[in-house]
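Dropping coords.tsv in here (TSV, C-alpha atoms):
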```
chain	number	residue	atom	x	y	z
A	1	MET	CA	15.65	-10.99	23.27
A	2	LYS	CA	13.29	-11.52	20.34
A	3	LYS	CA	13.41	-8.72	17.78
A	4	ILE	CA	10.46	-6.53	16.84
A	5	ASN	CA	8.96	-7.47	13.47
A	6	LEU	CA	8.09	-4.87	10.87
A	7	TYR	CA	5.10	-6.18	8.90
A	8	VAL	CA	4.65	-4.50	5.51
A	9	ASN	CA	2.07	-4.80	2.75
A	10	GLY	CA	1.29	-2.90	-0.44
A	11	ASP	CA	1.77	-3.02	-4.18
A	12	SER	CA	4.82	-2.87	-6.46
A	13	HIS	CA	6.16	0.38	-5.00
A	14	THR	CA	6.22	-1.06	-1.49
A	15	ALA	CA	7.60	-4.37	-2.80
A	16	GLY	CA	10.62	-2.56	-4.28
A	17	THR	CA	9.81	-3.28	-7.92
A	18	TYR	CA	12.14	-1.61	-10.42
A	19	LEU	CA	13.00	-2.53	-14.01
A	20	GLU	CA	13.48	-6.32	-14.08
A	21	ASN	CA	13.33	-6.74	-10.30
A	22	LEU	CA	9.82	-7.95	-9.57
A	23	SER	CA	10.36	-7.60	-5.82
A	24	ASP	CA	13.65	-6.51	-4.29
A	25	ASN	CA	12.58	-6.63	-0.66
A	26	LYS	CA	16.13	-6.17	0.60
A	27	LYS	CA	16.49	-2.72	-0.97
A	28	CYS	CA	13.01	-1.23	-0.58
A	29	PHE	CA	12.41	1.58	1.89
A	30	SER	CA	10.78	-0.67	4.51
A	31	ALA	CA	13.82	-2.96	4.51
A	32	LEU	CA	16.04	0.09	5.01
A	33	LEU	CA	13.92	1.13	7.99
A	34	ALA	CA	14.08	-2.41	9.39
A	35	ASN	CA	17.88	-2.39	9.11
A	36	ARG	CA	18.14	1.04	10.70
A	37	TYR	CA	16.15	-0.02	13.77
A	38	ASP	CA	17.34	-3.66	13.91
A	39	LEU	CA	13.93	-5.15	13.15
A	40	THR	CA	12.96	-8.31	11.36
A	41	HIS	CA	11.19	-7.59	8.09
A	42	THR	CA	8.11	-9.30	6.66
A	43	ASN	CA	7.04	-7.76	3.35
A	44	GLU	CA	3.95	-9.24	1.65
A	45	ALA	CA	3.60	-6.46	-0.95
A	46	LEU	CA	2.90	-7.64	-4.50
A	47	ALA	CA	3.20	-5.94	-7.88
A	48	GLY	CA	-0.34	-5.31	-9.10
A	49	GLY	CA	-1.76	-5.99	-5.66
A	50	SER	CA	-5.05	-4.38	-4.65
A	51	ASN	CA	-6.16	-2.79	-1.41
A	52	ASN	CA	-8.54	-5.72	-0.97
A	53	ARG	CA	-5.57	-8.07	-1.05
A	54	ILE	CA	-3.59	-5.89	1.35
A	55	ILE	CA	-6.37	-6.00	3.95
A	56	ARG	CA	-7.12	-9.70	3.50
A	57	LEU	CA	-3.51	-10.90	3.77
A	58	SER	CA	-2.62	-8.47	6.53
A	59	LYS	CA	-5.46	-9.77	8.68
A	60	GLU	CA	-4.43	-13.36	7.98
A	61	HIS	CA	-0.83	-12.67	8.97
A	62	LEU	CA	-1.54	-10.48	11.99
A	63	ARG	CA	-4.40	-12.49	13.48
A	64	ASN	CA	-2.01	-14.49	15.68
A	65	ALA	CA	0.86	-11.98	15.88
A	66	ASP	CA	1.99	-10.31	19.11
A	67	PRO	CA	1.15	-6.58	18.93
A	68	THR	CA	3.89	-5.76	21.45
A	69	ARG	CA	6.47	-7.30	19.07
A	70	THR	CA	5.01	-6.07	15.76
A	71	VAL	CA	4.63	-2.76	13.96
A	72	VAL	CA	2.61	-2.40	10.76
A	73	LEU	CA	3.45	-0.29	7.70
A	74	ILE	CA	0.96	-0.22	4.82
A	75	GLY	CA	1.41	1.43	1.43
A	76	TRP	CA	-2.04	1.64	-0.15
A	77	SER	CA	-2.49	0.80	-3.81
A	78	THR	CA	-4.51	2.56	-6.50
A	79	PHE	CA	-8.26	2.42	-6.21
A	80	GLU	CA	-9.35	0.79	-9.44
A	81	ARG	CA	-7.70	-2.47	-8.36
A	82	THR	CA	-9.60	-5.29	-6.71
A	83	GLU	CA	-9.39	-9.08	-6.48
A	84	TRP	CA	-11.65	-11.95	-7.55
A	85	HIS	CA	-11.80	-15.40	-6.00
A	86	VAL	CA	-12.42	-18.01	-8.69
A	87	ASP	CA	-11.91	-21.79	-8.50
A	88	GLY	CA	-10.16	-21.53	-5.16
A	89	GLN	CA	-7.65	-18.92	-6.33
A	90	TRP	CA	-7.35	-15.18	-5.81
A	91	HIS	CA	-6.78	-13.10	-8.95
A	92	GLN	CA	-5.50	-9.54	-8.69
A	93	ILE	CA	-7.49	-7.26	-11.00
A	94	CYS	CA	-5.30	-4.44	-12.24
A	95	GLY	CA	-6.03	-2.37	-15.33
A	96	GLN	CA	-2.54	-2.21	-16.84
A	97	PRO	CA	-1.80	-4.54	-19.79
A	98	LEU	CA	1.04	-6.17	-17.83
A	99	TYR	CA	-1.56	-7.68	-15.48
A	100	GLU	CA	-4.08	-8.82	-18.09
A	101	ILE	CA	-6.02	-11.90	-16.98
A	102	LYS	CA	-5.29	-14.62	-19.55
A	103	ILE	CA	-7.74	-17.23	-18.24
A	104	PRO	CA	-10.41	-17.49	-21.00
A	105	LYS	CA	-13.47	-17.44	-18.76
A	106	LEU	CA	-12.19	-14.37	-16.87
A	107	LYS	CA	-10.63	-12.38	-19.70
A	108	LYS	CA	-13.92	-10.82	-20.83
A	109	TYR	CA	-14.82	-9.75	-17.30
A	110	TRP	CA	-11.33	-8.33	-16.77
A	111	LYS	CA	-11.62	-6.29	-19.98
A	112	ASP	CA	-15.11	-5.04	-19.13
A	113	TYR	CA	-13.98	-4.01	-15.67
A	114	THR	CA	-10.84	-2.19	-16.80
A	115	ASP	CA	-12.67	-0.49	-19.69
A	116	LYS	CA	-15.10	0.90	-17.13
A	117	VAL	CA	-12.16	2.51	-15.34
A	118	TRP	CA	-10.04	3.92	-18.14
A	119	ASN	CA	-12.67	4.81	-20.75
A	120	ASP	CA	-14.81	6.96	-18.49
A	121	PRO	CA	-14.01	10.63	-19.32
A	122	ASN	CA	-15.32	11.76	-15.92
A	123	TRP	CA	-13.49	9.05	-13.93
A	124	THR	CA	-16.73	8.39	-12.07
A	125	PHE	CA	-15.99	4.74	-11.37
A	126	TYR	CA	-12.45	5.46	-10.20
A	127	HIS	CA	-13.69	8.14	-7.82
A	128	ALA	CA	-16.41	5.82	-6.50
A	129	ARG	CA	-13.76	3.18	-5.80
A	130	SER	CA	-11.65	5.80	-4.03
A	131	ILE	CA	-14.58	6.67	-1.75
A	132	GLU	CA	-15.21	2.99	-1.06
A	133	CYS	CA	-11.52	2.34	-0.29
A	134	GLN	CA	-11.54	5.10	2.33
A	135	HIS	CA	-14.13	3.20	4.34
A	136	ASP	CA	-12.38	-0.14	3.86
A	137	ILE	CA	-9.13	1.34	5.13
A	138	LEU	CA	-10.82	3.05	8.07
A	139	ASP	CA	-12.44	-0.27	9.03
A	140	PHE	CA	-9.02	-1.93	8.81
A	141	HIS	CA	-7.59	0.75	11.10
A	142	HIS	CA	-10.28	-0.06	13.67
A	143	TRP	CA	-9.41	-3.76	13.37
A	144	LEU	CA	-5.73	-3.01	14.00
A	145	LYS	CA	-6.53	-0.69	16.87
A	146	LYS	CA	-8.78	-3.26	18.54
A	147	LYS	CA	-5.90	-5.73	18.44
A	148	ASN	CA	-3.46	-3.05	19.69
A	149	PHE	CA	-1.21	-2.96	16.62
A	150	LYS	CA	0.65	0.30	16.12
A	151	HIS	CA	0.47	1.16	12.43
A	152	LEU	CA	1.35	3.78	9.86
A	153	PHE	CA	-0.45	4.23	6.54
A	154	PHE	CA	0.75	6.04	3.41
A	155	HIS	CA	-0.17	6.14	-0.28
A	156	ALA	CA	2.25	4.36	-2.56
A	157	HIS	CA	1.17	6.15	-5.72
A	158	LYS	CA	-1.73	8.56	-5.30
A	159	GLU	CA	-3.79	10.15	-2.56
A	160	PHE	CA	-7.56	9.62	-2.23
A	161	THR	CA	-9.13	11.31	-5.25
A	162	VAL	CA	-12.44	12.36	-3.72
A	163	ASP	CA	-14.33	15.62	-3.42
A	164	LYS	CA	-14.16	17.25	0.00
A	165	ILE	CA	-17.74	16.31	0.82
A	166	PHE	CA	-16.71	12.63	0.76
A	167	ARG	CA	-13.61	12.99	2.91
A	168	LEU	CA	-13.57	11.21	6.25
A	169	ASP	CA	-12.52	12.44	9.68
A	170	TRP	CA	-9.51	10.25	10.34
A	171	PRO	CA	-8.02	9.47	13.74
A	172	GLY	CA	-4.71	11.20	14.35
A	173	ASN	CA	-1.27	9.70	13.83
A	174	ILE	CA	-2.18	6.78	11.58
A	175	TRP	CA	-1.37	8.46	8.24
A	176	LEU	CA	2.00	9.75	7.14
A	177	GLY	CA	1.98	13.48	7.85
A	178	ASN	CA	-1.54	13.08	9.27
A	179	ASP	CA	-2.87	13.84	5.80
A	180	PRO	CA	-4.30	11.09	3.55
A	181	TYR	CA	-5.34	13.72	0.99
A	182	ASN	CA	-1.89	15.17	0.30
A	183	ALA	CA	-0.43	13.77	-2.92
A	184	SER	CA	3.09	15.01	-2.16
A	185	LEU	CA	3.40	12.50	0.71
A	186	SER	CA	3.01	9.45	-1.53
A	187	PHE	CA	6.05	7.43	-2.52
A	188	THR	CA	5.87	8.24	-6.23
A	189	GLN	CA	5.18	11.96	-5.84
A	190	HIS	CA	7.91	12.37	-3.23
A	191	SER	CA	10.34	10.51	-5.50
A	192	LEU	CA	9.52	12.79	-8.42
A	193	LYS	CA	9.89	15.86	-6.22
A	194	LYS	CA	13.36	14.65	-5.20
A	195	GLY	CA	14.38	14.37	-8.85
A	196	HIS	CA	14.27	10.59	-9.27
A	197	SER	CA	13.27	9.21	-12.67
A	198	PRO	CA	10.83	6.30	-12.91
A	199	ASP	CA	11.08	3.39	-15.30
A	200	ALA	CA	8.43	2.68	-17.93
A	201	TRP	CA	6.07	1.29	-15.28
A	202	TYR	CA	6.51	4.29	-12.96
A	203	HIS	CA	8.75	2.42	-10.54
A	204	PHE	CA	11.72	4.02	-8.80
A	205	ASP	CA	15.21	2.78	-8.00
A	206	TYR	CA	17.17	2.20	-4.82
A	207	ASP	CA	18.11	5.86	-4.38
A	208	ALA	CA	14.43	6.83	-4.34
A	209	HIS	CA	13.76	4.16	-1.73
A	210	LYS	CA	16.59	5.51	0.42
A	211	ASP	CA	15.13	9.01	0.21
A	212	TYR	CA	11.65	7.79	1.13
A	213	ALA	CA	12.97	5.80	4.09
A	214	ASP	CA	14.50	9.03	5.38
A	215	PHE	CA	11.32	10.95	4.62
A	216	ILE	CA	8.98	8.70	6.60
A	217	ARG	CA	11.46	7.88	9.37
A	218	GLY	CA	10.12	10.47	11.83
A	219	ASP	CA	6.51	9.25	11.70
A	220	PHE	CA	7.63	5.62	11.64
A	221	GLU	CA	9.82	6.09	14.69
A	222	LYS	CA	6.85	7.46	16.65
A	223	ILE	CA	4.81	4.29	16.17
A	224	LEU	CA	7.84	2.09	16.80
A	225	MET	CA	8.66	3.79	20.09
A	226	ASN	CA	5.01	3.88	21.23
A	227	ARG	CA	3.99	0.34	20.35
A	228	ASN	CA	3.49	-0.65	24.02
A	229	GLN	CA	1.25	2.34	24.81
```
Once more with this new file: its structure as structure tokens, please.
Amino acid sequence: MKKINLYVNGDSHTAGTYLENLSDNKKCFSALLANRYDLTHTNEALAGGSNNRIIRLSKEHLRNADPTRTVVLIGWSTFERTEWHVDGQWHQICGQPLYEIKIPKLKKYWKDYTDKVWNDPNWTFYHARSIECQHDILDFHHWLKKKNFKHLFFHAHKEFTVDKIFRLDWPGNIWLGNDPYNASLSFTQHSLKKGHSPDAWYHFDYDAHKDYADFIRGDFEKILMNRNQ
């Protein structure tokens, strides 16, 4: 009998990035869940990847997938990130120096964009992006639901940073812990709480991934067992 596939997308945390390992998909928490439940594992997470990329690639991959043989796990990235399509290529726009755009005609725009994020003392632009991402993610949920894909969302690094007046009424059982505004449920905050130490880029090692696989197992098992309902 054909195995169930676990489809995963996100940024570096979901890709299993740590130290010199740019993507150790065999040791990340989603791979551990796949092994535990005897699933195949497709992980398209990318270091520096944006939520725009997550939604775009997930739709491309899942458009022709069988929802009765697929479960979806998404670790959302930070909200300043986006992507630009230039000369037939997608460029991930991430503010950290490691991801600086070197292409001459884009470098100025990259710097202007990232300066707008990090040099704003009130974080107005970051908060505006967080509000916008809420709606993008909710629309993506509706797309998945229409196609009957069971899915679980979580924050890889940080919860939505929005005032309460901008918070959305989310459907039940699509977010880890049913709470997209709880920072302690994110991968990085949970790892810190468990005593794991990040590297210089705030990435965590295999032991942190093992702990997070155990932490999200209950919610993940619910969508896995109910995928035909």
| note | Among A:Ser191, A:Ser130, A:Thr82, A:Asn43, Phe160 (chain A) is approached most closely, using only C-alpha atoms, by A:Ser130
| query | What is the distance, in Å and to one decimal place, between CA of Ser50 (chain A) and CA of Gly218 (chain A)? | reply | 26.9 Å
| query | Nearest to Leu152 (chain A) among A:Asp112, A:Asp179, A:Asp219, A:Asp211, with distances taken over all atoms listed in the file: which residue is it? | reply |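 Looking at the shortest contact to Leu152 (chain A), the residue is A:Asp219.
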| message | Report, in Å with one decimal, the straight-line distance from CA of Val162 (chain A) to CA of Arg129 (chain A). | response |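 Value for the CA of Val162 (chain A)-CA of Arg129 (chain A) distance: 9.5 Å.
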| said: Please list as a ChimeraX atom specification every residue within 8 Å of Val71 (chain A), counting all atoms listed in the file and excluding residues in the same chain fewer than 6 positions away. | reply: /A:4-7,149-151,223-224,227
So that I have them on file, write out the residues from the current selection with C-alpha atoms, as a JSON list (two decimals), in the frame of the given file.
```json
[["chain", "number", "residue", "atom", "x", "y", "z"],
["A", 4, "ILE", "CA", 10.46, -6.53, 16.84],
["A", 5, "ASN", "CA", 8.96, -7.47, 13.47],
["A", 6, "LEU", "CA", 8.09, -4.87, 10.87],
["A", 7, "TYR", "CA", 5.10, -6.18, 8.90],
["A", 149, "PHE", "CA", -1.21, -2.96, 16.62],
["A", 150, "LYS", "CA", 0.65, 0.30, 16.12],
["A", 151, "HIS", "CA", 0.47, 1.16, 12.43],
["A", 223, "ILE", "CA", 4.81, 4.29, 16.17],
["A", 224, "LEU", "CA", 7.84, 2.09, 16.80],
["A", 227, "ARG", "CA", 3.99, 0.34, 20.35]]
```
| request: Quick one: pull the distance between CA of Tyr212 (chain A) and CA of Phe79 (chain A), Å, one decimal. | output: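 Calculated distance between CA of Tyr212 (chain A) and CA of Phe79 (chain A) is 21.9 Å.
Take the candidates A:His209, A:His41, A:Arg63, A:Lys105 and check each one against Leu192 (chain A) using all atoms listed in the file; the shortest distance goes to A:His209.
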| remark: Residue with the minimum atom-to-atom distance to Arg81 (chain A), picked from A:Ser58, A:Ser197, A:Thr114, A:Asn173 with only C-alpha atoms counted, is A:Thr114
| Of the candidates A:Asn178, A:Asn52, A:Asn226, A:Thr14, which one gets nearest to His91 (chain A) if we count only C-alpha atoms? |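 Counting only C-alpha atoms, the residue closest to His91 (chain A) is A:Asn52.
Proximity to Trp201 (chain A) was assessed for A:Ile137, A:Leu168, A:Leu98, A:Val72 counting all atoms listed in the file; the smallest distance is recorded for A:Leu98.
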Contact table region 161-211 of chain A vs region 24-39 of chain A, cut-off 12 Å, shortest pair per residue, only C-alpha atoms, as JSON lines:
```
{"residue": "A:Phe187", "atom": "CA", "partner": "A:Phe29", "partner_atom": "CA", "distance": 9.7}
{"residue": "A:Ser191", "atom": "CA", "partner": "A:Phe29", "partner_atom": "CA", "distance": 11.8}
{"residue": "A:His203", "atom": "CA", "partner": "A:Cys28", "partner_atom": "CA", "distance": 11.4}
{"residue": "A:Phe204", "atom": "CA", "partner": "A:Cys28", "partner_atom": "CA", "distance": 9.8}
{"residue": "A:Asp205", "atom": "CA", "partner": "A:Cys28", "partner_atom": "CA", "distance": 8.7}
{"residue": "A:Tyr206", "atom": "CA", "partner": "A:Lys27", "partner_atom": "CA", "distance": 6.3}
{"residue": "A:Asp207", "atom": "CA", "partner": "A:Lys27", "partner_atom": "CA", "distance": 9.4}
{"residue": "A:Ala208", "atom": "CA", "partner": "A:Phe29", "partner_atom": "CA", "distance": 8.4}
{"residue": "A:His209", "atom": "CA", "partner": "A:Phe29", "partner_atom": "CA", "distance": 4.6}
{"residue": "A:Lys210", "atom": "CA", "partner": "A:Phe29", "partner_atom": "CA", "distance": 5.9}
{"residue": "A:Asp211", "atom": "CA", "partner": "A:Phe29", "partner_atom": "CA", "distance": 8.1}
```
Any chance you could work out the axis-aligned box around region 154-166 of chain A, listed atoms only, 3 Å on each side, giving centre and edge lengths in Å to one decimal, as JSON?
```
{"center_x": -7.7, "center_y": 10.8, "center_z": -1.2, "size_x": 26.0, "size_y": 18.9, "size_z": 15.1}
```
